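J.: Encoded as structure tokens, here's the structure I'll be asking about.
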Amino acid sequence: MYGGSPDGVWAAPGRVNLIGEHTDYNDGFALPIALPQTTLVAARARDDGRLRLHSAQGDGRITELPVAALAPGAATGWTRYPAGVVWALAESGHPVGGADLYFDSTVPTGAGLSSSAALECAVAVAYDELYGLRLPGPALARIAQRAENAFAGVPCGIMDQMASVCCTTEAALHLDARSPQHHRQVPFDLRGQGLGLLVIDTRVAHDLGDGAYAALRAGCERAAALLGLPALRELPAGELPQALRDLPEALAPLVRHVVTENARVEEAVSRLRAGDAAALGPILTAGHASLRDDYRISCPETDLAVTAALGAGALGARMTGGGFGGSVIALLEAGRESEVGASVTAAFDAAGHRPPRLFAVAPAAGARRMHPRTPTTPAPAPASRAPFPRRTP
């Protein structure tokens with residue numbers, strides 16, 4: 001595509017959030033894992049200040065942008081996310097220049113699995129090495145979050161980016177959104193405890209940039225201000241009943257979800273540290289009920305997926321991600337993935353929905369370098385070279 005070899009290849013994963021939804025922008029807690037599905041970027045630094053972007057899932061074109069002219073609104077579509085990371089790095093005072101970037105991804109888009117964060121974090125770790133920045137993982141996650149907030153226009157918290165950068169295999173990331181640098185790894189050995197985790201992509205696409213997500217965040221911030229708190233994370237569970245009586249009717253359910261969801265995260269962490277991952281099941285199901293009834297961001301397809309999975313014997317199930325569609329996760333006994341998946345598919349067929357996409361997952365590694373060549377000694381370009389090969393999902 002660019003007439004030469006990359007300086008390196010980097011990968012960043014999508015994520016599944018076990019519990020702790022819509023808590024990060026309230027300074028709360030979350031418990032995500034990284035997915036085996038990743039976004040890859042083959043990257044080569046340029047010395048002329050030009051940023052060139054191409055995606056194997058795109059329209060076949062190369063988008064070219066001058067780094068010096070990057071600003072919110074300068075890029076459109078999917079290119080907002082990688083361009084936003086370069087802009088955020090430069091805005092933060094880091095000495096970065098141009099690059100040729102070639103993307104390929106197995107993270108489903110629109111499925112609530114943080115494909116945008118995977119795209120951002122792949123660029124962040126690539127640029128960190130290409131330009132010798134040596135930034136720690138939480139700092140890279142902050143850069144990626146700023147790209148999504150200020151450049152792409154989505155007011156997300158930091159959970160997605162932290163999961164993509166900092167997760168490890170066979171562990172869940174216990175995230176304190178107020179102090180992400182103090183995150184902890186919690187053992188989550190699914191196979192060792194005879195369990196499996198099934199992702200059910202309902203194929204109802206969601207767009208967090210359409211205003212609904214921003215309205216939820218604004219509602220939480222207004223509620224915190226009315227209660228005299230810097231963030232809803234500060235509201236003790238014991239004071240929740242009185243707070244609900246004091247708040248406007250429209251805001252009370254949002255506050256109830258955030259406070260009870262933070263408690264569910266802490267309970268889940270306690271269960272995992274005790275080696276009882278199966279006990280997450282009821283916690284997941286309770287989390288879905290809260291998202292459905294209090295936060296009101298579920299939809300018929302996600303509700304049906306949860307009901308069908310539980311009816312087929314799943315230990316617990318819930319919607320994961322920002323809401324308004326996307327995916328459901330089901331915790332189940334190992335070996336029952338096909339059975340539960342078949343039941344969900346049959347339920348979707350009976351309801352007239354498109355068949356869901358199903359895949360089993362386990363906690364995977366966060367963002368990392370894949371290609372062994374060092375960025376300071378790129379190989380000479382061959383006389384002719386095929387485009388960077390596509391990965392098989």
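How things are named: the first chain in the structure tokens is A, the next is B, and so on; residues count from 1 in each chain; ligands count from 1 in the order shown.
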As an MDAnalysis selection string, please: every residue in region 222-334 of chain A that DSSP puts in strand (DSSP E or B).
T.: chainID A and resid 316:320 327:333
J.: Might you pull out every residue within 10 Å of Ala278 (chain A), with only C-alpha atoms counted and same-chain residues fewer than 2 positions away left off, and present them as a list in words?
T.: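 Everything that qualifies: Leu190, Gln193, Gly194, Leu195, Gly196, Arg271, Leu272, Gly275, Asp276, Leu280, Gly281, Pro282, Ile283, Leu315, Gly316, Leu331, Leu332 and Glu333 of chain A.
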J.: Applying 8 Å and only C-alpha atoms, which residues near Met159 (chain A) remain after dropping the ones on its own chain fewer than 5 positions away? List them as a VMD selection string.
T.: chain A and resid 24 30 32 175 177
J.: Tell me, as a ChimeraX atom specification, which residues lie within 8 Å of region 115-129 of chain A, counting only C-alpha atoms; anything in the same chain fewer than 6 positions away does not count.
T.: /A:8-14,38-41,43,81-82,84-86,96,107-109,135,140-141,143-145,147,160-161,164-165,367-369,375
J.: Just checking: using only C-alpha atoms, which residue out of A:Ala224, A:Ala56, A:Ile33, A:Val16 ends up closest to Gln185 (chain A)?
T.: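 Smallest separation from Gln185 (chain A) among the options: A:Ile33.
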J.: Please indicate the distance in Å from CA of Pro253 (chain A) to CA of Ser290 (chain A), rounded to one decimal place.
T.: 8.8 Å
J.: Figure out the distance between CA of Leu304 (chain A) and CA of Ala351 (chain A), please, to one decimal in Å.
T.: 8.9 Å
J.: Determine the nearest neighbour of Cys167 (chain A) from the options A:Leu31, A:Met1, A:Leu254, A:Leu232, counting only C-alpha atoms.
T.: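 Closest to Cys167 (chain A), using only C-alpha atoms: A:Leu31.
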J.: So what do you get for CA of Val306 (chain A) versus CA of Ser327 (chain A), distance-wise?
T.: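 Rounded to one decimal, the two atoms are 10.0 Å apart.
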J.: Residues within 12 Å of Val204 (chain A), please, as a PyMOL selection string. Count only C-alpha atoms; anything in the same chain fewer than 5 positions from it doesn't count.
T.: chain A and resi 108-112+298-302+305+323-328+353-357
J.: Given the choices A:Ala223, A:Ala83, A:Leu53, A:Leu18, which gets closest to Ala152 (chain A) if the distance is worked out from only C-alpha atoms?
T.: A:Ala83
J.: If we count only C-alpha atoms, what is near Tyr25 (chain A) at a cut-off of 10 Å, once residues fewer than 5 positions away on the same chain are taken out, given as a list in words?
T.: Pro155, Cys156, Gly157, Ile158, Met159, Ala177, Arg178, Arg217, Cys220, Glu221, Ala231, Leu232 and Arg233 of chain A
J.: Let me see the file: selected residues, N, CA and C atoms, as a PDB file, in the first residue's frame.
T.:
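Wrote it out as result_28.pdb, contents follow:
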```pdb
ATOM      1  N   PRO A 155     -18.247  11.533  24.637  1.00  0.00           N
ATOM      2  CA  PRO A 155     -17.812  11.847  26.009  1.00  0.00           C
ATOM      3  C   PRO A 155     -17.684  10.606  26.886  1.00  0.00           C
ATOM      4  N   CYS A 156     -16.907   9.632  26.442  1.00  0.00           N
ATOM      5  CA  CYS A 156     -16.753   8.375  27.185  1.00  0.00           C
ATOM      6  C   CYS A 156     -15.830   8.566  28.387  1.00  0.00           C
ATOM      7  N   GLY A 157     -15.925   7.644  29.340  1.00  0.00           N
ATOM      8  CA  GLY A 157     -14.958   7.575  30.424  1.00  0.00           C
ATOM      9  C   GLY A 157     -13.709   6.864  29.946  1.00  0.00           C
ATOM     10  N   ILE A 158     -12.867   6.467  30.891  1.00  0.00           N
ATOM     11  CA  ILE A 158     -11.558   5.920  30.524  1.00  0.00           C
ATOM     12  C   ILE A 158     -11.518   4.398  30.538  1.00  0.00           C
ATOM     13  N   MET A 159     -12.618   3.750  30.900  1.00  0.00           N
ATOM     14  CA  MET A 159     -12.585   2.302  31.067  1.00  0.00           C
ATOM     15  C   MET A 159     -12.173   1.558  29.795  1.00  0.00           C
ATOM     16  N   ALA A 177     -11.734   4.559  38.283  1.00  0.00           N
ATOM     17  CA  ALA A 177     -11.656   5.593  37.246  1.00  0.00           C
ATOM     18  C   ALA A 177     -11.097   6.897  37.779  1.00  0.00           C
ATOM     19  N   ARG A 178     -11.180   7.127  39.085  1.00  0.00           N
ATOM     20  CA  ARG A 178     -10.606   8.347  39.648  1.00  0.00           C
ATOM     21  C   ARG A 178      -9.089   8.277  39.661  1.00  0.00           C
ATOM     22  N   ARG A 217     -24.629  10.978  30.622  1.00  0.00           N
ATOM     23  CA  ARG A 217     -23.534  11.533  31.415  1.00  0.00           C
ATOM     24  C   ARG A 217     -23.932  12.883  32.011  1.00  0.00           C
ATOM     25  N   CYS A 220     -26.116  12.398  35.029  1.00  0.00           N
ATOM     26  CA  CYS A 220     -25.367  11.996  36.226  1.00  0.00           C
ATOM     27  C   CYS A 220     -24.630  13.186  36.838  1.00  0.00           C
ATOM     28  N   GLU A 221     -24.040  13.998  36.006  1.00  0.00           N
ATOM     29  CA  GLU A 221     -23.300  15.155  36.508  1.00  0.00           C
ATOM     30  C   GLU A 221     -24.243  16.160  37.167  1.00  0.00           C
ATOM     31  N   ALA A 231     -18.766  13.844  42.302  1.00  0.00           N
ATOM     32  CA  ALA A 231     -19.142  12.762  41.401  1.00  0.00           C
ATOM     33  C   ALA A 231     -20.018  11.791  42.171  1.00  0.00           C
ATOM     34  N   LEU A 232     -20.826  11.013  41.464  1.00  0.00           N
ATOM     35  CA  LEU A 232     -21.736  10.081  42.122  1.00  0.00           C
ATOM     36  C   LEU A 232     -20.996   8.981  42.867  1.00  0.00           C
ATOM     37  N   ARG A 233     -19.748   8.771  42.539  1.00  0.00           N
ATOM     38  CA  ARG A 233     -18.941   7.795  43.276  1.00  0.00           C
ATOM     39  C   ARG A 233     -18.904   8.115  44.774  1.00  0.00           C
TER      40      ARG A 233
END
```
J.: Calculated over only C-alpha atoms, which of the candidates A:Pro138, A:Trp87, A:Ile62, A:Gly366 has the smallest distance to Ala74 (chain A)?
T.: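 So, comparing all the options, the nearest one is A:Trp87.
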J.: With distances taken over only C-alpha atoms, which of A:Ile200, A:Val344, A:Ala172, A:Val258 is nearest to Gly219 (chain A)?
T.: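 Checking each of A:Ile200, A:Val344, A:Ala172, A:Val258 against Gly219 (chain A), counting only C-alpha atoms, the winner is A:Val258.
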